[in-house]
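One structure is given here, and the rest of the page talks about it.
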Amino acid sequence: MTNLAVSPPQKVERSENEILTGLQQTVSASRLTLFLQCRLKFYYRYVLKLPKPKPASLHVGNVVHATLKAWHKARWIGTPLTLKGLHDEFSKAWDDQNKEEPVDWQGEEEDERLTAWRLCELYYRQSGFEHAEKPDAVEVPVETDLSSHGLPRLIGVLDLVQQRKIIDYKTSSTTPNSEKVAHTHEVQTSIYAILFREAASIREEGIELHHLVKLKNPKLCITQLPPMTDSQQNRLFHLLEAYLEGIDRKDFVPSPGMGCASCEFFNECRHWN
Amino acid sequence: MAVRLSANYSKKLGLPQYSSHSFSASVEVELTDLNQVESECQKLYQLLQQSVDQEIQQVGFVPDPKQYGQKGSSSGLRNGFHRNGNNQNGRQFRVHNGSQDRWACTDGQRGFILRITNENNLDKQEIEALAHRLYGLGVKHLNKMQASQLIEELLTLAGKPRQSRWHQQPQQQAA
């Protein structure tokens, strides 16, 4: 937890073994997913922490998340935002993100900004949330200790919980296929279900993935998933075991494939041996 | 040239019901030689610590938690709590062994909520009202997820919001 009484500690360089131990102690959906996607990419990002410029798509995704967070928070406390209010939040989030970590826009900032705003506006109009319907949680950090299963501590942040449904927003450039999305996001949705059950002491009603698709005419695709099954939990636990064992062995081999085309570590990977 | 050495020792101890008391003592001596500093410091530290420890064992007046802080304006209550934690607001957050006062969240979350509140002079009644507004529940009845959300709100109120969760996830697609 944050220690408020003292000034922030000085950054201490940790050895590779210490970093690996930390990665084995605490796991998030994005860490596990990346490890399963490509162990070398995981190594470059989480162990070596190779610095890379922030891509525009990440900036857009962050701003969309921050804007929707502000909207749901306002809805929650009974002062719902107008469209103008939403735009104000959007503008603030855009500037904040730019200050936090600037992007090399190469002259594309206005286009990207328009795209991001259109996604927020679309969601505002089409997501169907009733103003009077209070969320159960907005952008809430949760964690659970799985040491009784011989597994690490899980951590995560739930974008939105509404009527016991776990909702996660995604920004993407292509329209998702619901069956494929259920499979490709199963690690994340299962982790969220475990986190929710432990934190709220109830079972989720279901899980929804809200894809905001960056097309010329942007669209919202909602994929509704049932509660996590026991079999999905078992699969997740097996994957977590593989993650722990892989890190133990320092098994950081690359996984060449379609994803390499957009990988920020492409050049580093080409020199790996 | 006269060398003046000034030493101060203070100690603060917690008391039941979130009270605390503290005592400090200071002394100034004149030295004739800089070489005396190290040994003099050692001597003064021992002397001051011994003196403070001896005196601080006398707890003195500790208000009755059942009576103290029942009257007064809200700002007075807030100040009262900040000083010694024994006011009306404080009682809403107090933890006893009895089951009716047990918090539903984790001990860590409970401690964090109390710490953010105390260290930032947040008004406990406002926080209780915030919990009711968000969840229709008092602070100690919040489950772990609800307490986590409340902590986020308190950090924002205290001007110490957590870093954006997406900050260090340079992915092609924000998750």
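Here's how to read the names in the structure tokens: chain A, B, ... by the order shown, residue numbers from 1 in each chain, ligand numbers from 1 in the order shown.
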
Within 6 Å of chain B, which residues of chain A show up when using only C-alpha atoms, listed as a list of chain:residue names?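 Written out as asked, the residues are A:Leu58, A:Gly61, A:Val140, A:Lys170, A:Ala199, A:Ala200.
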
### Query
When DSSP works through the backbone of this structure, what residues of region 142-196 of chain A end up as helix (DSSP H, G or I), shown as number ranges by chain?
A: 147-149, 178-184, 186-196

So which residues touch region 38-40 of chain B within 10 Å, counting only C-alpha atoms, skipping near sequence neighbours fewer than 4 positions away, as JSON, numbers by chain?
{"B": [5, 7, 29, 31, 34, 44, 45, 46]}

Just all heavy atoms for this one: save the residues we selected as a short mmCIF file (atom, residue, chain, number, x, y, z; two decimals), in the first residue's frame.
```cif
data_model
loop_
_atom_site.label_atom_id
_atom_site.label_comp_id
_atom_site.auth_asym_id
_atom_site.auth_seq_id
_atom_site.Cartn_x
_atom_site.Cartn_y
_atom_site.Cartn_z
N LEU B 5 26.34 22.97 21.14
CA LEU B 5 25.73 21.72 20.66
C LEU B 5 24.30 21.66 21.19
O LEU B 5 24.07 21.73 22.39
CB LEU B 5 26.53 20.51 21.14
CG LEU B 5 25.95 19.15 20.79
CD1 LEU B 5 25.95 18.93 19.28
CD2 LEU B 5 26.78 18.04 21.43
N ALA B 7 20.77 19.51 21.32
CA ALA B 7 20.22 18.16 21.11
C ALA B 7 18.75 18.13 21.50
O ALA B 7 18.34 18.80 22.46
CB ALA B 7 21.00 17.16 21.95
N VAL B 29 24.39 22.68 25.05
CA VAL B 29 25.62 22.74 25.85
C VAL B 29 26.70 23.47 25.06
O VAL B 29 26.64 23.55 23.83
CB VAL B 29 26.13 21.33 26.23
CG1 VAL B 29 25.19 20.62 27.18
CG2 VAL B 29 26.38 20.50 24.99
N LEU B 31 30.68 23.61 24.12
CA LEU B 31 31.88 22.78 24.09
C LEU B 31 33.10 23.67 23.84
O LEU B 31 32.97 24.75 23.25
CB LEU B 31 31.80 21.74 22.97
CG LEU B 31 30.54 20.86 22.94
CD1 LEU B 31 30.58 19.93 21.73
CD2 LEU B 31 30.44 20.04 24.22
N LEU B 34 35.87 20.92 19.12
CA LEU B 34 35.03 20.15 18.18
C LEU B 34 35.19 18.65 18.36
O LEU B 34 34.28 17.87 18.06
CB LEU B 34 35.39 20.51 16.73
CG LEU B 34 34.70 21.75 16.14
CD1 LEU B 34 35.27 22.05 14.77
CD2 LEU B 34 33.20 21.53 16.05
N LEU B 44 24.45 13.00 25.51
CA LEU B 44 23.18 13.73 25.54
C LEU B 44 22.02 12.85 25.08
O LEU B 44 20.92 12.90 25.62
CB LEU B 44 23.26 14.97 24.64
CG LEU B 44 24.13 16.10 25.16
CD1 LEU B 44 24.21 17.23 24.14
CD2 LEU B 44 23.60 16.64 26.48
N TYR B 45 22.29 12.04 24.06
CA TYR B 45 21.23 11.17 23.55
C TYR B 45 20.75 10.23 24.64
O TYR B 45 19.55 10.07 24.88
CB TYR B 45 21.74 10.37 22.34
CG TYR B 45 20.66 9.53 21.70
CD1 TYR B 45 19.76 10.09 20.80
CD2 TYR B 45 20.52 8.19 22.00
CE1 TYR B 45 18.76 9.33 20.23
CE2 TYR B 45 19.52 7.41 21.43
CZ TYR B 45 18.65 8.00 20.53
OH TYR B 45 17.65 7.25 19.97
N GLN B 46 21.70 9.62 25.33
CA GLN B 46 21.34 8.69 26.41
C GLN B 46 20.58 9.41 27.51
O GLN B 46 19.57 8.92 28.01
CB GLN B 46 22.60 8.05 26.98
CG GLN B 46 23.10 6.91 26.10
CD GLN B 46 24.39 6.31 26.62
OE1 GLN B 46 24.98 6.82 27.58
NE2 GLN B 46 24.85 5.26 25.97
#
```

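Atom to atom, CA of Thr229 (chain A) and CA of Glu198 (chain A) stand 15.2 Å apart.
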
task: Check the DSSP output for the backbone and give back, as a PyMOL selection string, the residues of region 27-265 of chain A in strand (DSSP E).
output: chain A and resi 27-28+137-145+153-162+165-172+206-213+219-225

Please compute the CA of Val139 (chain B)-CA of Leu122 (chain B) distance, one decimal, in Å.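 A separation of 13.9 Å between them.
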
Determine, counting only C-alpha atoms, which protein, DNA and RNA residues have an atom within 8 Å of an atom of region 175-188 of chain A; residues of the same chain fewer than 2 positions away are not included. Present the result as a ChimeraX atom specification. /A:29-30,32-33,172-173,190-192,211,213,221,223,225,232,236

With distances taken over only C-alpha atoms, the candidate from B:Leu157, B:Lys140, B:Gln125, B:Val3 nearest Asp107 (chain B) is B:Lys140

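Using only C-alpha atoms, the nearest neighbour of Cys120 (chain A) within the list A:Pro218, A:Pro254, A:Pro51, A:Gly107 is A:Pro218.
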
- Task: Kindly indicate which residue among B:Gly159, B:Ser10, B:Gln36, B:Glu128 lies nearest to Gln50 (chain B), using only C-alpha atoms for the distances.
- Result: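 Nearest to Gln50 (chain B): B:Ser10.
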
Can you work out which one of A:Glu16, A:Asp104, A:Leu122, A:Val138 has the shortest atom-to-atom distance to Ala74 (chain A), counting only C-alpha atoms?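 Of all the options, A:Val138 lies closest to Ala74 (chain A).
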
What lies within 9 Å of Phe90 (chain A) using only C-alpha atoms, ignoring chain neighbours under 3 positions off, as a list in words? Val63, Val64, Ala66, Thr67, Leu68, Ala70, Gly85, Leu86, His87, Ala93, Trp94, Asp95, Ala116, Trp117 and Cys120 of chain A
